[in-house]
file input08.cif (mmCIF, C-alpha atoms)
data_query
#
loop_
_atom_site.group_PDB
_atom_site.id
_atom_site.type_symbol
_atom_site.label_atom_id
_atom_site.label_comp_id
_atom_site.auth_asym_id
_atom_site.auth_seq_id
_atom_site.Cartn_x
_atom_site.Cartn_y
_atom_site.Cartn_z
ATOM 1 C CA MET A 1128 222.864 165.770 89.073
ATOM 2 C CA PHE A 1129 220.165 166.038 86.412
ATOM 3 C CA ALA A 1130 222.435 168.069 84.112
ATOM 4 C CA ARG A 1131 225.093 165.352 84.270
ATOM 5 C CA LEU A 1132 222.502 162.645 83.645
ATOM 6 C CA TYR A 1133 220.923 164.468 80.722
ATOM 7 C CA ALA A 1134 224.274 165.201 79.070
ATOM 8 C CA TRP A 1135 225.064 161.473 79.252
ATOM 9 C CA LEU A 1136 221.624 160.174 78.264
ATOM 10 C CA SER A 1137 220.556 162.586 75.523
ATOM 11 C CA PRO A 1138 222.925 161.299 72.784
ATOM 12 C CA LYS A 1139 221.475 157.828 73.309
ATOM 13 C CA MET A 1140 217.969 159.285 73.031
ATOM 14 C CA GLU A 1141 218.981 160.938 69.746
ATOM 15 C CA GLN A 1142 219.988 157.569 68.313
ATOM 16 C CA ALA A 1143 216.715 156.046 69.522
ATOM 17 C CA GLY A 1144 214.641 158.478 67.478
ATOM 18 C CA VAL A 1145 214.625 161.883 69.134
ATOM 19 C CA ALA A 1146 216.817 163.295 66.343
ATOM 20 C CA GLN A 1147 214.050 162.555 63.823
ATOM 21 C CA LEU A 1148 211.511 164.244 66.095
ATOM 22 C CA ARG A 1149 213.727 167.328 66.255
ATOM 23 C CA GLN A 1150 213.846 167.436 62.459
ATOM 24 C CA ARG A 1151 210.051 167.365 62.306
ATOM 25 C CA LEU A 1152 209.826 169.989 65.023
ATOM 26 C CA LEU A 1153 212.027 172.531 63.253
ATOM 27 C CA ALA A 1154 211.218 171.879 59.584
ATOM 28 C CA GLY A 1155 210.103 174.979 57.710
ATOM 29 C CA LEU A 1156 211.150 177.560 60.296
ATOM 30 C CA THR A 1157 212.333 180.931 58.993
ATOM 31 C CA GLY A 1158 213.618 184.193 60.400
ATOM 32 C CA ARG A 1159 214.733 184.860 63.965
ATOM 33 C CA VAL A 1160 213.988 182.189 66.562
ATOM 34 C CA VAL A 1161 214.137 181.951 70.342
ATOM 35 C CA GLU A 1162 214.709 178.485 71.757
ATOM 36 C CA VAL A 1163 213.691 178.223 75.404
ATOM 37 C CA GLY A 1164 215.474 175.627 77.509
ATOM 38 C CA ALA A 1165 218.054 174.784 74.861
ATOM 39 C CA GLY A 1166 219.795 172.247 77.106
ATOM 40 C CA ASN A 1167 223.003 170.995 75.534
ATOM 41 C CA GLY A 1168 222.133 172.300 72.082
ATOM 42 C CA LEU A 1169 220.947 169.165 70.318
ATOM 43 C CA ASN A 1170 218.402 171.113 68.284
ATOM 44 C CA PHE A 1171 221.010 173.394 66.745
ATOM 45 C CA ARG A 1172 222.101 171.157 63.883
ATOM 46 C CA HIS A 1173 218.499 170.662 62.768
ATOM 47 C CA TYR A 1174 217.598 174.294 62.096
ATOM 48 C CA PRO A 1175 216.922 174.901 58.392
ATOM 49 C CA PRO A 1176 219.070 177.450 56.523
ATOM 50 C CA GLU A 1177 216.127 179.871 56.249
ATOM 51 C CA VAL A 1178 216.562 180.615 59.968
ATOM 52 C CA THR A 1179 218.597 183.817 60.200
ATOM 53 C CA GLY A 1180 219.505 183.458 63.864
ATOM 54 C CA VAL A 1181 218.671 181.594 67.065
ATOM 55 C CA VAL A 1182 218.729 182.983 70.596
ATOM 56 C CA ALA A 1183 219.120 179.863 72.722
ATOM 57 C CA VAL A 1184 218.155 180.417 76.370
ATOM 58 C CA GLU A 1185 219.468 177.939 78.948
ATOM 59 C CA PRO A 1186 219.694 178.571 82.715
ATOM 60 C CA GLU A 1187 221.722 175.508 83.757
ATOM 61 C CA PRO A 1188 225.482 176.296 83.660
ATOM 62 C CA ARG A 1189 226.773 172.827 82.728
ATOM 63 C CA LEU A 1190 224.292 172.346 79.884
ATOM 64 C CA ARG A 1191 224.788 175.936 78.730
ATOM 65 C CA ALA A 1192 228.542 175.358 78.417
ATOM 66 C CA ILE A 1193 227.923 172.302 76.229
ATOM 67 C CA ALA A 1194 225.418 174.300 74.171
ATOM 68 C CA HIS A 1195 228.081 176.964 73.524
ATOM 69 C CA GLN A 1196 230.240 174.260 71.957
ATOM 70 C CA ALA A 1197 227.327 172.943 69.888
ATOM 71 C CA ALA A 1198 226.591 176.470 68.653
ATOM 72 C CA GLN A 1199 230.054 176.654 67.079
ATOM 73 C CA GLN A 1200 229.159 173.665 64.897
ATOM 74 C CA ALA A 1201 225.676 174.861 63.927
ATOM 75 C CA THR A 1202 224.876 175.720 60.321
ATOM 76 C CA VAL A 1203 222.880 178.819 61.351
ATOM 77 C CA PRO A 1204 223.954 181.616 63.742
ATOM 78 C CA VAL A 1205 223.210 180.601 67.344
ATOM 79 C CA GLN A 1206 223.671 182.833 70.393
ATOM 80 C CA VAL A 1207 223.537 180.925 73.688
ATOM 81 C CA VAL A 1208 222.469 183.046 76.661
ATOM 82 C CA ASP A 1209 221.608 182.626 80.321
ATOM 83 C CA GLY A 1210 217.953 183.183 81.146
ATOM 84 C CA LEU A 1211 214.683 181.801 82.419
ATOM 85 C CA ALA A 1212 211.530 180.841 80.562
ATOM 86 C CA GLN A 1213 209.488 183.255 82.663
ATOM 87 C CA ALA A 1214 211.897 186.175 82.074
ATOM 88 C CA LEU A 1215 213.342 185.922 78.567
ATOM 89 C CA PRO A 1216 216.179 188.382 77.826
ATOM 90 C CA LEU A 1217 214.498 189.677 74.647
ATOM 91 C CA PRO A 1218 212.465 192.755 73.657
ATOM 92 C CA ASP A 1219 208.759 192.590 72.894
ATOM 93 C CA ALA A 1220 207.773 191.230 69.458
ATOM 94 C CA SER A 1221 211.408 190.564 68.547
ATOM 95 C CA VAL A 1222 211.311 186.993 67.146
ATOM 96 C CA ASP A 1223 209.471 185.246 64.338
ATOM 97 C CA ALA A 1224 209.143 181.900 66.095
ATOM 98 C CA ALA A 1225 209.734 180.176 69.421
ATOM 99 C CA VAL A 1226 210.828 176.602 70.073
ATOM 100 C CA VAL A 1227 210.181 174.610 73.247
ATOM 101 C CA SER A 1228 211.289 171.005 73.386
ATOM 102 C CA LEU A 1229 211.143 168.909 76.536
ATOM 103 C CA VAL A 1230 211.121 172.022 78.718
ATOM 104 C CA LEU A 1231 207.527 172.999 79.601
ATOM 105 C CA CYS A 1232 207.370 169.947 81.853
ATOM 106 C CA SER A 1233 209.905 171.506 84.210
ATOM 107 C CA VAL A 1234 209.279 175.273 84.253
ATOM 108 C CA PRO A 1235 207.913 176.527 87.602
ATOM 109 C CA SER A 1236 204.814 177.984 85.905
ATOM 110 C CA GLN A 1237 203.635 177.075 82.428
ATOM 111 C CA ALA A 1238 201.355 180.122 82.410
ATOM 112 C CA ASP A 1239 204.262 182.503 83.054
ATOM 113 C CA ALA A 1240 206.496 180.825 80.476
ATOM 114 C CA LEU A 1241 203.807 180.890 77.804
ATOM 115 C CA ALA A 1242 202.996 184.526 78.572
ATOM 116 C CA GLU A 1243 206.656 185.325 77.910
ATOM 117 C CA LEU A 1244 206.488 183.543 74.567
ATOM 118 C CA CYS A 1245 203.488 185.686 73.656
ATOM 119 C CA ARG A 1246 205.426 188.798 74.626
ATOM 120 C CA VAL A 1247 208.544 188.146 72.552
ATOM 121 C CA LEU A 1248 206.760 186.789 69.457
ATOM 122 C CA ARG A 1249 205.948 189.192 66.654
ATOM 123 C CA PRO A 1250 202.295 189.329 65.516
ATOM 124 C CA GLY A 1251 201.613 186.118 63.629
ATOM 125 C CA GLY A 1252 204.597 184.348 65.154
ATOM 126 C CA GLN A 1253 204.441 180.666 65.924
ATOM 127 C CA VAL A 1254 205.513 178.248 68.626
ATOM 128 C CA ARG A 1255 206.923 174.834 67.756
ATOM 129 C CA PHE A 1256 206.629 172.356 70.623
ATOM 130 C CA LEU A 1257 207.804 168.848 71.455
ATOM 131 C CA GLU A 1258 206.827 167.890 74.995
ATOM 132 C CA HIS A 1259 205.917 164.893 77.074
ATOM 133 C CA VAL A 1260 202.479 165.367 78.599
ATOM 134 C CA ALA A 1261 199.671 163.928 80.683
ATOM 135 C CA ALA A 1262 198.263 160.582 79.597
ATOM 136 C CA GLU A 1263 194.563 160.068 78.961
ATOM 137 C CA PRO A 1264 192.394 160.758 82.032
ATOM 138 C CA GLY A 1265 191.503 157.598 83.923
ATOM 139 C CA SER A 1266 194.234 155.494 82.324
ATOM 140 C CA SER A 1267 196.726 153.485 84.333
ATOM 141 C CA MET A 1268 199.484 155.644 82.862
ATOM 142 C CA ARG A 1269 197.746 158.782 84.144
ATOM 143 C CA ARG A 1270 197.477 157.300 87.639
ATOM 144 C CA ALA A 1271 201.164 156.404 87.540
ATOM 145 C CA GLN A 1272 202.013 159.977 86.532
ATOM 146 C CA GLN A 1273 200.080 161.339 89.486
ATOM 147 C CA VAL A 1274 202.007 159.112 91.871
ATOM 148 C CA VAL A 1275 205.515 159.759 90.545
ATOM 149 C CA ASP A 1276 204.920 163.512 90.187
ATOM 150 C CA ARG A 1277 203.973 163.719 93.841
ATOM 151 C CA PHE A 1278 206.734 161.638 95.375
ATOM 152 C CA LEU A 1279 209.717 161.131 93.091
ATOM 153 C CA TRP A 1280 209.981 162.353 89.511
ATOM 154 C CA PRO A 1281 210.547 166.129 89.999
ATOM 155 C CA ARG A 1282 213.332 165.486 92.497
ATOM 156 C CA LEU A 1283 215.192 163.138 90.180
ATOM 157 C CA PHE A 1284 214.677 164.967 86.876
ATOM 158 C CA GLY A 1285 215.228 168.670 87.409
ATOM 159 C CA GLY A 1286 211.690 169.613 88.406
ATOM 160 C CA CYS A 1287 210.050 167.696 85.559
ATOM 161 C CA ARG A 1288 206.376 166.771 86.009
ATOM 162 C CA THR A 1289 205.098 164.055 83.720
ATOM 163 C CA GLY A 1290 201.385 164.803 84.086
ATOM 164 C CA ARG A 1291 201.069 168.348 82.762
ATOM 165 C CA ASP A 1292 198.381 169.057 80.163
ATOM 166 C CA THR A 1293 200.619 171.303 78.092
ATOM 167 C CA VAL A 1294 198.269 171.582 75.114
ATOM 168 C CA ALA A 1295 195.461 172.908 77.329
ATOM 169 C CA ALA A 1296 197.905 175.329 78.966
ATOM 170 C CA MET A 1297 198.897 176.693 75.560
ATOM 171 C CA GLU A 1298 195.281 177.225 74.588
ATOM 172 C CA GLN A 1299 194.565 178.970 77.883
ATOM 173 C CA ALA A 1300 197.570 181.228 77.296
ATOM 174 C CA GLY A 1301 196.137 182.455 73.999
ATOM 175 C CA PHE A 1302 197.622 180.099 71.426
ATOM 176 C CA ARG A 1303 195.704 178.361 68.653
ATOM 177 C CA ILE A 1304 196.914 174.823 67.995
ATOM 178 C CA GLU A 1305 197.304 174.406 64.239
ATOM 179 C CA GLU A 1306 199.163 171.086 64.064
ATOM 180 C CA LEU A 1307 199.261 168.375 66.696
ATOM 181 C CA SER A 1308 200.535 164.803 66.850
ATOM 182 C CA ARG A 1309 200.150 162.617 69.917
ATOM 183 C CA PHE A 1310 202.323 159.546 70.348
ATOM 184 C CA ARG A 1311 204.230 157.471 72.850
ATOM 185 C CA PHE A 1312 208.020 157.636 72.852
ATOM 186 C CA PRO A 1313 209.635 155.198 72.947
ATOM 187 C CA PRO A 1314 206.677 153.574 71.172
ATOM 188 C CA ARG A 1315 206.086 150.740 73.632
ATOM 189 C CA SER A 1316 207.426 152.444 76.717
ATOM 190 C CA VAL A 1317 205.579 152.131 80.021
ATOM 191 C CA PHE A 1318 207.479 154.995 81.643
ATOM 192 C CA PRO A 1319 205.327 157.913 82.892
ATOM 193 C CA SER A 1320 207.193 160.256 80.541
ATOM 194 C CA ALA A 1321 206.207 158.298 77.407
ATOM 195 C CA PRO A 1322 203.120 160.285 76.210
ATOM 196 C CA HIS A 1323 204.312 163.075 73.897
ATOM 197 C CA VAL A 1324 202.944 165.812 71.683
ATOM 198 C CA LEU A 1325 204.567 167.530 68.721
ATOM 199 C CA GLY A 1326 203.030 170.468 66.949
ATOM 200 C CA ARG A 1327 202.700 174.102 65.982
ATOM 201 C CA ALA A 1328 200.656 176.924 67.498
ATOM 202 C CA VAL A 1329 200.051 180.630 66.867
ATOM 203 C CA ARG A 1330 198.531 183.340 68.995
ATOM 204 C CA THR A 1331 194.758 183.559 68.676
ATOM 205 C CA ASP A 1332 194.932 187.367 68.492
ATOM 206 C CA ALA A 1333 197.161 187.314 65.417
ATOM 207 C CA GLU A 1334 196.767 185.912 61.952
ATOM 208 C CA PRO A 1335 199.359 183.248 60.943
#
call {"tool": "encode", "arguments": {"input": "input08.cif", "output": "structure tokens"}}
result
Amino acid sequence: MFARLYAWLSPKMEQAGVAQLRQRLLAGLTGRVVEVGAGNGLNFRHYPPEVTGVVAVEPEPRLRAIAHQAAQQATVPVQVVDGLAQALPLPDASVDAAVVSLVLCSVPSQADALAELCRVLRPGGQVRFLEHVAAEPGSSMRRAQQVVDRFLWPRLFGGCRTGRDTVAAMEQAGFRIEELSRFRFPPRSVFPSAPHVLGRAVRTDAEP
């Protein structure tokens, strides 16, 4: 059900401003990239020409089929594959960068997914991330996130949890946050999924 809903809703989200966020997310990338949770492939057209290839991992069959079609229209080589965030079908240190967009909210374990990113990144590799995250502690938005995550939201939206502190999870996994923007999208939205982050991180045990 979520795959059908997302395939219908995501083009409308693109028109509302997500396309511009994707451009910011991917600007300046080079080399070989793994995209985790590629969905229906809406990032593909935004990769800059300096990217030599993208391995796009997507476990959901319906979205993966749409992503295959999007890959044929991409301006850089894109290989769409089946796989999970916690078990990426790639060798160690085999990519220059990783991209996660609107996916770390729904993986079973952020720690396992981030450990996999560390494994497949070459020394000095970076992670680009665009995620919706926990609101400020004590805020009414944060309390709303706690309620919907317990009773409703994950069941309706493919396991998504609105209240995850993804930035803290990345730091705990061994990433250094080098760029970070926090914002609400849509700007005046009161939905629990409105708080977002966009940024860039590298492993703390490797020089950028």
call {"tool": "closest_residue", "arguments": {"input": "input08.cif", "among": "A:Leu1244, A:Ala1238, A:Ala1201, A:Val1145", "to": "Glu1162 in chain A", "atoms": "all atoms listed in the file"}}
result
A:Leu1244
call {"tool": "resolve_selection", "arguments": {"input": "input08.cif", "expression": "the PyMOL selection byres ((chain A and resi 1182-1193) around 7)", "output": "ChimeraX atom specification"}}
result
/A:1130,1160-1167,1180-1181,1194-1197,1205-1211
call {"tool": "resolve_selection", "arguments": {"input": "input08.cif", "expression": "the PyMOL selection byres ((chain A and resi 1274-1291) around 7)", "output": "compact mmCIF listing (two decimals) with C-alpha atoms, in the frame of the given file"}}
result
# COMPACT_ATOMS: atom_id res chain seq x y z
CA PHE A 1129 220.16 166.04 86.41
CA CYS A 1232 207.37 169.95 81.85
CA SER A 1233 209.90 171.51 84.21
CA HIS A 1259 205.92 164.89 77.07
CA VAL A 1260 202.48 165.37 78.60
CA ALA A 1261 199.67 163.93 80.68
CA ALA A 1262 198.26 160.58 79.60
CA ARG A 1270 197.48 157.30 87.64
CA ALA A 1271 201.16 156.40 87.54
CA GLN A 1272 202.01 159.98 86.53
CA GLN A 1273 200.08 161.34 89.49
CA ASP A 1292 198.38 169.06 80.16
CA THR A 1293 200.62 171.30 78.09
CA PRO A 1319 205.33 157.91 82.89
CA SER A 1320 207.19 160.26 80.54
call {"tool": "resolve_selection", "arguments": {"input": "input08.cif", "expression": "the PyMOL selection byres ((chain A and resi 1295-1305) around 12)", "output": "JSON, numbers by chain"}}
result
{"A": [1227, 1231, 1232, 1236, 1237, 1238, 1239, 1240, 1241, 1242, 1243, 1244, 1245, 1246, 1248, 1250, 1251, 1252, 1253, 1254, 1255, 1256, 1258, 1260, 1261, 1291, 1292, 1293, 1294, 1306, 1307, 1308, 1324, 1325, 1326, 1327, 1328, 1329, 1330, 1331, 1332, 1333, 1334, 1335]}
call {"tool": "atom_distance", "arguments": {"input": "input08.cif", "atom1": "CA of Gln1150 in chain A", "atom2": "CA of Leu1169 in chain A"}}
result
10.7 Å
call {"tool": "atom_distance", "arguments": {"input": "input08.cif", "atom1": "CA of Gly1168 in chain A", "atom2": "CA of Gln1200 in chain A"}}
result
10.1 Å
call {"tool": "atom_distance", "arguments": {"input": "input08.cif", "atom1": "CA of Pro1314 in chain A", "atom2": "CA of Val1226 in chain A"}}
result
23.4 Å
call {"tool": "decode", "arguments": {"input": "input08.cif", "residues": "range 1263-1295 of chain A", "atoms": "C-alpha atoms", "output": "short mmCIF file (atom, residue, chain, number, x, y, z; two decimals), in the first residue's frame"}}
result
data_model
loop_
_atom_site.label_atom_id
_atom_site.label_comp_id
_atom_site.auth_asym_id
_atom_site.auth_seq_id
_atom_site.Cartn_x
_atom_site.Cartn_y
_atom_site.Cartn_z
CA GLU A 1263 13.16 19.75 19.30
CA PRO A 1264 12.87 17.98 22.68
CA GLY A 1265 9.91 19.19 24.71
CA SER A 1266 8.13 20.78 21.75
CA SER A 1267 4.54 20.02 20.86
CA MET A 1268 5.77 18.61 17.55
CA ARG A 1269 8.06 16.20 19.41
CA ARG A 1270 5.17 15.01 21.59
CA ALA A 1271 3.05 14.49 18.49
CA GLN A 1272 5.84 12.43 16.92
CA GLN A 1273 6.01 10.20 19.97
CA VAL A 1274 2.28 9.53 19.78
CA VAL A 1275 2.03 8.81 16.05
CA ASP A 1276 5.19 6.68 16.03
CA ARG A 1277 3.72 4.46 18.71
CA PHE A 1278 0.23 3.97 17.35
CA LEU A 1279 -0.12 4.84 13.68
CA TRP A 1280 2.62 6.26 11.48
CA PRO A 1281 4.86 3.17 10.91
CA ARG A 1282 1.86 1.07 9.90
CA LEU A 1283 0.66 3.58 7.33
CA PHE A 1284 4.02 4.66 5.89
CA GLY A 1285 6.18 1.60 5.36
CA GLY A 1286 7.79 1.46 8.79
CA CYS A 1287 8.64 5.17 8.88
CA ARG A 1288 9.25 6.71 12.32
CA THR A 1289 9.07 10.47 12.46
CA GLY A 1290 10.95 10.94 15.74
CA ARG A 1291 14.38 9.48 15.00
CA ASP A 1292 17.43 11.58 15.86
CA THR A 1293 19.27 10.67 12.68
CA VAL A 1294 22.09 13.19 13.10
CA ALA A 1295 23.00 11.75 16.52
#
